[in-house]
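Data block below; observations after.
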Amino acid sequence: MRRLRTLALVLAVLLPGAAAAAAEPAVDAPAGVVRGVQDRDLRVFRGIPYAEPPVGERRWRAPAPLTRWEGTRDATRFGAACMQPKPQAPSIYGWDLPAMSEDCLSLNIWAPQDARGAPVFVWIHGGALASGSGADPIYDGSALARRGIVVVSINYRLGMFGWFAHPGLSAESPDHVSGNYGLLDQIAALEWVKRNIGAFGGNAGNVTIAGESAGALSVMYLMAAPAARGLFHKAVAQSAYMVSAPGLRDRINGMVPAEVQGAELAAKLGAADIAALRALPAADIPARVAATGYFPFPNIDGKTLSRQLVDTFDRDEQAPVPILAGFNSGEIRSLRFLLPKPPADAAAYEATIRANYGELANAFLARYPAKDIGESMLAATRDAMYGWTSERLVSNQAALGQGAYFYLFDHGYPATAQWNLHAFHAAELPYVFGTAARTPPLWPKIPDSLAERRLIAAIGDYWASFAATGRPIAKGGPDWPDYADNRGFLHIADTPRAGHNLFPGTAALHEAVVCRRRAAGDVPWNWNIGVASPPLPAKTEGCQ
């Protein structure tokens with residue numbers, strides 16, 4: 001061994017070019033040659049473009065495929081983050097923003113050195129479709145890749161750049177639609193993966209899409225989008241929320257049509273037409289748009305998205321793939337802006353719930369009682385948005401005969417207890433990625449203890465094995481029961497434990513609420529919960 005090390009040192013001195021080549025692996029993919037970096041037993045490639053830059057006349061158009069580039073492209077640095085507003089206040093999720101650009105459609109790859117036909121795990125970042133980046137350190141794919149899978153993280157257009165609909169844009173589109181550009185970017189990235197990932201050691205026939213929060217929302221829309229069919233084979237949805245979406249032109253579920261929202265936004269920006277909108281400096285748009293209150297969201301355009309997610313899943317039109325989905329027990333502790341103002345006292349709380357929920361009020365109050373209004377409001381919003389969505393996903397996929405694995409992340413540690421953030425929204429991310437030392441500056445610091453390292457190892461094993469085989473298995477961990485087995489789930493607290501029938505009756509309660517609102521057709525669901533709920537529509541056939 002000493003002789004080999006000596007020889008390596010001699011070669012490094014005599015042949016510096018050879019040493020550099022070993023440290024900078026190159027891959028000749030169909031897209032072109034890329035040069036990355038060697039990280040011990042991994043090859044890492046950063047900032048690889050997967051579509052033409054969406055700038056100039058391509059702003060607010062579907063992503064255009066790249067032609068093969070000439071020469072060798074440097075893939076040693078992350079690409080620019082997509083345009084987004086600067087944070088207005090300190091946040092546990094906040095990073096110092098990297099360089100931003102409208103030219104941001106890039107992806108990153110972590111591949112084992114000896115990968116050949118390895119499973120592929122494509123990560124879609126969260127951030128309310130308005131912020132974030134696939135290059136955030138918490139998403140570093142190294143630990144997952146060292147479990148034998150190829151990890152890919154992507155950027156996609158955000159905010160107005162990614163989701164803006166407008167009659168003028170629809171008029172110039174061959175399909176007469178607009179908006180949903182961020183979702184089309186995600187599909188384009190998956191198409192790039194299908195064409196190119198084999199050159200990096202990945203198997204294009206074994207791709208898992210995964211995401212958290214808005215990334216999990218994206219996973220659901222990819223499961224629903226006809227254009228994404230066949231581009232992935234398994235799905236992971238962490239803290240997904242199956243809320244209602246506006247129609248492109250039609251007023252559905254009480255929501256203002258996306259084109260109307262877009263026309264109003266253009267007027268607020270002082271832009272008379274699409275040419276004027278495209279002339280707006282990209283750097284000025286995020287802050288100006290944020291000041292208007294615009295909220296980016298997909299729309300039901302009849303092309304990319306045919307109908308509401310609940311309708312797609314009820315009709316069994318979603319991708320028939322295995323799924324791993326779940327939520328965190330403290331989701332809303334770090335998202336208190338989702339909560340309405342609490343009533344003055346217990347009597348006012350109970351009276352409001354009874355007025356809003358009618359004959360379902362007793363079931364609601366049994367789960368979210370007036371004796372602790374604060375905790376009840378946190379739990380009700382968590383369950384109506386994230387819990388109901390997660391259980392609906394695994395239930396729907398199990399009904400298709402697919403593997404369906406449900407979890408509750410319920411783990412805390414001293415810093416989360418100190419800040420009343422037990423199992424907060426996104427708290428599972430550093431456990432999935434093994435990046436406890438790479439969290440944002442204000443994130444509650446995870447102890448470097450044996451117990452934490454064991455939990456991180458177990459969660460990484462479960463996620464990686466699901467990506468590889470469709471079954472989550474952890475070395476030394478309990479068997480994770482399929483949801484089809486008596487509503488099986490994994491309770492992830494200080495250690496993982498298998499269980500059955502999480503929160504009995506809770507998902508059924510929120511399903512009944514959503515069912516009535518869907519039947520009424522003139523009210524959205526999930527953003528209006530508990531004391532913020534409008535009076536529940538009358539019971540209709542097929543709804544509780």
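Starting from 1 in every chain, residues are counted up; chains themselves are A, B, ... following the order of the structure tokens, and ligands are numbered from 1 as listed.
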
Review point. Near Arg307 (chain A), counting only C-alpha atoms, which residues have an atom at most 12 Å away, once you skip same-chain residues fewer than 5 positions from it, shown as a list in words?
Key: Tyr221, Ala224, Ala225, Pro226, Ser244, Ala245, Pro246, Gly247, Leu248, Asp250, Ile252, Asn253, Pro298, Asn299, Ile300, Asp301, Gly302, Thr312, Phe313, Asp314, Arg315, Glu317 and Gln318 of chain A

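By chain and then residue number, the residues within 8 Å of region 197-205 of chain A are Val27, Asp28, Ala29, Pro30, Ala111, Pro112, Asp114, Ala115, Arg116, Gly117, Ala118, Pro119, Val120, Ile149, Val150, Trp192, Val193, Lys194, Phe232 and His233 of chain A, counting only C-alpha atoms and disregarding those fewer than 3 positions away in sequence.
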
Give me a file of those residues, with N, CA and C atoms, as a short mmCIF file (atom, residue, chain, number, x, y, z; two decimals), in the first residue's frame.
data_model
loop_
_atom_site.label_atom_id
_atom_site.label_comp_id
_atom_site.auth_asym_id
_atom_site.auth_seq_id
_atom_site.Cartn_x
_atom_site.Cartn_y
_atom_site.Cartn_z
N VAL A 27 -17.62 13.05 -18.58
CA VAL A 27 -18.62 12.12 -19.10
C VAL A 27 -19.07 12.63 -20.46
N ASP A 28 -19.11 11.74 -21.43
CA ASP A 28 -19.61 12.08 -22.76
C ASP A 28 -21.05 11.59 -22.84
N ALA A 29 -21.99 12.48 -22.57
CA ALA A 29 -23.42 12.17 -22.59
C ALA A 29 -24.02 12.61 -23.92
N PRO A 30 -25.21 12.15 -24.27
CA PRO A 30 -25.85 12.64 -25.49
C PRO A 30 -25.96 14.16 -25.55
N ALA A 111 -23.08 10.74 -8.46
CA ALA A 111 -23.10 9.37 -8.95
C ALA A 111 -21.97 8.57 -8.31
N PRO A 112 -22.25 7.36 -7.84
CA PRO A 112 -21.15 6.51 -7.37
C PRO A 112 -20.13 6.28 -8.47
N ASP A 114 -18.51 3.76 -9.42
CA ASP A 114 -18.65 2.54 -10.21
C ASP A 114 -20.10 2.29 -10.62
N ALA A 115 -20.93 3.31 -10.65
CA ALA A 115 -22.35 3.13 -10.97
C ALA A 115 -22.52 2.59 -12.38
N ARG A 116 -23.34 1.56 -12.50
CA ARG A 116 -23.73 1.01 -13.80
C ARG A 116 -25.19 0.59 -13.67
N GLY A 117 -26.07 1.28 -14.34
CA GLY A 117 -27.48 0.94 -14.25
C GLY A 117 -28.06 1.15 -12.86
N ALA A 118 -27.57 2.15 -12.15
CA ALA A 118 -28.02 2.40 -10.78
C ALA A 118 -29.38 3.08 -10.75
N PRO A 119 -30.15 2.87 -9.68
CA PRO A 119 -31.41 3.60 -9.52
C PRO A 119 -31.16 5.10 -9.49
N VAL A 120 -32.15 5.88 -9.92
CA VAL A 120 -32.02 7.32 -10.03
C VAL A 120 -33.07 7.99 -9.13
N ILE A 149 -27.16 4.83 -5.29
CA ILE A 149 -28.10 5.40 -6.24
C ILE A 149 -27.51 6.67 -6.83
N VAL A 150 -28.00 7.05 -8.00
CA VAL A 150 -27.61 8.31 -8.63
C VAL A 150 -28.64 9.36 -8.21
N TRP A 192 -34.59 15.05 -19.95
CA TRP A 192 -33.13 15.08 -20.04
C TRP A 192 -32.54 13.88 -19.32
N VAL A 193 -33.06 13.59 -18.13
CA VAL A 193 -32.58 12.43 -17.37
C VAL A 193 -32.79 11.15 -18.18
N LYS A 194 -33.94 11.01 -18.80
CA LYS A 194 -34.20 9.80 -19.58
C LYS A 194 -33.17 9.64 -20.70
N PHE A 232 -40.91 8.45 -14.98
CA PHE A 232 -40.52 8.05 -13.62
C PHE A 232 -41.31 6.80 -13.25
N HIS A 233 -40.84 6.12 -12.21
CA HIS A 233 -41.37 4.80 -11.90
C HIS A 233 -41.72 4.63 -10.42
#

Review point. Hey, what does DSSP flag as strand (DSSP E or B) within region 99-241 of chain A? Can you give it to me as a ChimeraX atom specification?
Key: /A:100-101,106-112,118-124,150-154,202-212,234-238

Review point. So which one's closest to Ala484 (chain A), A:Gln261, A:Thr416, A:Asn501, A:Gln238? Using only C-alpha atoms, please.
Key: A:Asn501

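By only C-alpha atoms, and with residues fewer than 3 positions from region 468-471 of chain A along its chain excluded, the set lying at most 7 Å from it is Pro119, Lys234, Pro322, Gly403, Ala464 and Ser465 of chain A.
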
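Interatomic distance, CA of Leu338 (chain A) against CA of Ala415 (chain A): 22.9 Å.
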
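Nearest to Leu183 (chain A) of all the residues A:Arg336, A:Arg61, A:Arg249, A:Arg517 is A:Arg61, counting only C-alpha atoms.
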
Sort by chain and increasing residue number a table of all residues of region 92-200 of chain A within 9 Å of region 46-54 of chain A, each with its closest pair of atoms and their distance in Å to one decimal, counting only C-alpha atoms, and write it as a Markdown table.
| residue | atom | partner | partner_atom | distance |
| --- | --- | --- | --- | --- |
| A:Glu102 | CA | A:Pro54 | CA | 6.7 |
| A:Asp103 | CA | A:Pro53 | CA | 4.8 |
| A:Cys104 | CA | A:Pro53 | CA | 7.0 |
| A:Leu105 | CA | A:Pro49 | CA | 5.8 |
| A:Ser106 | CA | A:Pro49 | CA | 4.1 |
| A:Leu107 | CA | A:Ile48 | CA | 5.3 |
| A:Asn108 | CA | A:Arg46 | CA | 4.4 |
| A:Ile109 | CA | A:Arg46 | CA | 6.4 |
| A:Trp110 | CA | A:Arg46 | CA | 8.6 |
| A:Ala135 | CA | A:Arg46 | CA | 8.5 |
| A:Arg157 | CA | A:Pro54 | CA | 8.9 |
| A:Asp185 | CA | A:Ala51 | CA | 8.1 |
| A:Ala188 | CA | A:Ala51 | CA | 7.2 |
| A:Ala189 | CA | A:Tyr50 | CA | 5.9 |
| A:Glu191 | CA | A:Tyr50 | CA | 8.8 |
| A:Trp192 | CA | A:Tyr50 | CA | 6.1 |
| A:Val193 | CA | A:Tyr50 | CA | 8.7 |

Region 514-516 of chain A: which residues within 7 Å, counting only C-alpha atoms, same-chain residues fewer than 2 positions away excluded, as a compact mmCIF listing (two decimals) with all heavy atoms, in the first residue's frame?
# COMPACT_ATOMS: atom_id res chain seq x y z
N HIS A 510 -61.65 14.84 7.23
CA HIS A 510 -61.24 15.87 6.29
C HIS A 510 -61.64 15.51 4.86
O HIS A 510 -61.93 16.40 4.06
CB HIS A 510 -59.75 16.13 6.43
CG HIS A 510 -59.39 16.71 7.76
ND1 HIS A 510 -59.73 17.99 8.11
CD2 HIS A 510 -58.77 16.18 8.85
CE1 HIS A 510 -59.32 18.24 9.35
NE2 HIS A 510 -58.74 17.15 9.81
N GLU A 511 -61.70 14.23 4.54
CA GLU A 511 -62.21 13.81 3.24
C GLU A 511 -63.67 14.22 3.09
O GLU A 511 -64.10 14.67 2.02
CB GLU A 511 -62.06 12.30 3.07
CG GLU A 511 -62.56 11.76 1.74
CD GLU A 511 -61.78 12.26 0.55
OE1 GLU A 511 -60.57 12.51 0.68
OE2 GLU A 511 -62.38 12.39 -0.54
N ALA A 512 -64.46 14.08 4.16
CA ALA A 512 -65.87 14.47 4.11
C ALA A 512 -66.01 15.97 3.85
O ALA A 512 -66.87 16.41 3.08
CB ALA A 512 -66.57 14.08 5.41
N ARG A 518 -66.09 20.12 -2.80
CA ARG A 518 -65.99 19.77 -4.21
C ARG A 518 -67.36 19.70 -4.85
O ARG A 518 -67.57 20.18 -5.98
CB ARG A 518 -65.28 18.43 -4.38
CG ARG A 518 -63.81 18.43 -4.02
CD ARG A 518 -63.27 17.01 -3.94
NE ARG A 518 -63.34 16.32 -5.23
CZ ARG A 518 -63.19 15.00 -5.36
NH1 ARG A 518 -62.97 14.25 -4.30
NH2 ARG A 518 -63.25 14.45 -6.55
N ALA A 519 -68.30 19.11 -4.14
CA ALA A 519 -69.66 18.98 -4.69
C ALA A 519 -70.31 20.34 -4.87
O ALA A 519 -71.01 20.58 -5.87
CB ALA A 519 -70.50 18.09 -3.78
N ALA A 520 -70.08 21.25 -3.93
CA ALA A 520 -70.65 22.59 -4.05
C ALA A 520 -70.06 23.34 -5.23
O ALA A 520 -70.75 24.09 -5.94
CB ALA A 520 -70.43 23.38 -2.76
N TRP A 525 -60.67 24.34 -1.00
CA TRP A 525 -60.51 23.56 0.22
C TRP A 525 -59.08 23.67 0.73
O TRP A 525 -58.17 24.07 0.01
CB TRP A 525 -60.89 22.10 0.00
CG TRP A 525 -60.19 21.40 -1.13
CD1 TRP A 525 -58.97 20.77 -1.11
CD2 TRP A 525 -60.69 21.26 -2.46
NE1 TRP A 525 -58.68 20.25 -2.34
CE2 TRP A 525 -59.71 20.53 -3.19
CE3 TRP A 525 -61.85 21.67 -3.12
CZ2 TRP A 525 -59.86 20.21 -4.54
CZ3 TRP A 525 -62.00 21.35 -4.46
CH2 TRP A 525 -61.02 20.63 -5.15
N PRO A 537 -70.89 23.23 3.15
CA PRO A 537 -72.05 22.95 2.30
C PRO A 537 -72.84 21.75 2.81
O PRO A 537 -72.33 20.89 3.54
CB PRO A 537 -71.42 22.66 0.93
CG PRO A 537 -70.09 23.33 0.97
CD PRO A 537 -69.64 23.23 2.39
N LYS A 539 -74.78 18.22 3.11
CA LYS A 539 -74.39 16.87 2.72
C LYS A 539 -75.03 16.51 1.38
O LYS A 539 -76.20 16.77 1.14
CB LYS A 539 -74.84 15.88 3.79
CG LYS A 539 -74.43 14.44 3.54
CD LYS A 539 -74.87 13.56 4.69
CE LYS A 539 -74.48 12.09 4.45
NZ LYS A 539 -74.89 11.23 5.56
N THR A 540 -74.23 15.94 0.50
CA THR A 540 -74.72 15.54 -0.81
C THR A 540 -74.47 14.06 -1.02
O THR A 540 -73.72 13.43 -0.27
CB THR A 540 -74.03 16.33 -1.93
OG1 THR A 540 -72.61 16.10 -1.85
CG2 THR A 540 -74.30 17.82 -1.80
N CYS A 543 -71.12 11.95 -0.25
CA CYS A 543 -70.30 12.60 0.79
C CYS A 543 -70.91 12.31 2.15
O CYS A 543 -72.14 12.22 2.30
CB CYS A 543 -70.25 14.11 0.57
SG CYS A 543 -69.44 14.61 -0.96

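The space between CA of Leu144 (chain A) and CA of Ala426 (chain A) spans 17.4 Å.
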
Under the rule of at most 6 Å, produce a per-residue listing of region 256-326 of chain A near region 163-175 of chain A: chain, number, name, the closest pair of atoms, and the distance in Å, as CSV, using only C-alpha atoms.
residue,atom,partner,partner_atom,distance
A:Ala258,CA,A:Ala165,CA,5.7
A:Glu259,CA,A:His166,CA,4.4
A:Gly262,CA,A:His166,CA,4.9
A:Ala263,CA,A:His166,CA,5.8
A:Pro296,CA,A:Trp163,CA,5.5
A:Phe297,CA,A:Trp163,CA,5.9

Check your understanding: Could you name the residues that touch Arg497 (chain A) at 12 Å or less, counting only C-alpha atoms, but leaving out those on the same chain fewer than 5 positions away, as a ChimeraX atom specification?
Key -> /A:407-411,455,458-459,474,476-481,488-492

Check your understanding: Near Tyr368 (chain A), counting only C-alpha atoms, which residues have an atom at most 10 Å away, once you skip same-chain residues fewer than 2 positions from it, shown as a PyMOL selection string?
Key -> chain A and resi 350+353+361-366+370-380+530

Could the residues in this selection be written to a file with C-alpha atoms, as an mmCIF file, in the first residue's frame?
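The result, stored in selection-v4.cif:
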data_model
loop_
_atom_site.group_PDB
_atom_site.id
_atom_site.type_symbol
_atom_site.label_atom_id
_atom_site.label_comp_id
_atom_site.auth_asym_id
_atom_site.auth_seq_id
_atom_site.Cartn_x
_atom_site.Cartn_y
_atom_site.Cartn_z
ATOM 1 C CA GLU A 350 -66.624 25.853 20.001
ATOM 2 C CA ILE A 353 -66.669 25.322 14.880
ATOM 3 C CA ALA A 361 -68.706 19.587 14.348
ATOM 4 C CA ASN A 362 -68.765 16.859 17.004
ATOM 5 C CA ALA A 363 -66.204 14.821 15.068
ATOM 6 C CA PHE A 364 -64.072 17.948 14.587
ATOM 7 C CA LEU A 365 -64.210 18.970 18.264
ATOM 8 C CA ALA A 366 -63.426 15.424 19.403
ATOM 9 C CA ALA A 370 -61.612 23.788 22.809
ATOM 10 C CA LYS A 371 -59.603 23.077 25.966
ATOM 11 C CA ASP A 372 -56.336 23.933 24.158
ATOM 12 C CA ILE A 373 -57.202 26.205 21.256
ATOM 13 C CA GLY A 374 -53.596 26.784 20.190
ATOM 14 C CA GLU A 375 -52.682 23.104 19.915
ATOM 15 C CA SER A 376 -56.025 22.256 18.326
ATOM 16 C CA MET A 377 -55.558 24.864 15.608
ATOM 17 C CA LEU A 378 -52.039 23.600 14.890
ATOM 18 C CA ALA A 379 -53.247 20.005 14.635
ATOM 19 C CA ALA A 380 -56.347 20.779 12.565
ATOM 20 C CA GLY A 530 -61.386 25.273 11.536
#

Review point. What's the 6 Å shell around region 95-100 of chain A, counting only C-alpha atoms, without same-chain residues fewer than 6 positions away, as a list in words?
Key: Ala80, Ala81, Cys82, Met83 and Pro440 of chain A

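The coordinates place CA of Asn196 (chain A) at 23.1 Å from CA of Arg40 (chain A).
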
Point to revise | Which residue of A:Leu450, A:Pro524, A:Arg367, A:Tyr241 approaches Leu393 (chain A) most closely, using only C-alpha atoms | key: A:Tyr241

Check your understanding: Which residues in region 273-454 of chain A does DSSP call alpha helix (DSSP H)? List them as number ranges by chain.
Key -> A: 274-279, 285-292, 309-314, 346-357, 361-367, 373-382, 388-399, 414-418, 429-433, 450-454

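Remark: for Phe466 (chain A), the closest of the candidate residues A:Lys341, A:Arg147, A:Arg59, A:Lys445 is A:Arg147 (distances computed over only C-alpha atoms).
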
Point to revise | Option closest in space to Leu158 (chain A), from A:Gly182, A:Pro504, A:Gly401, A:Pro496 [counting only C-alpha atoms] | key: A:Gly182
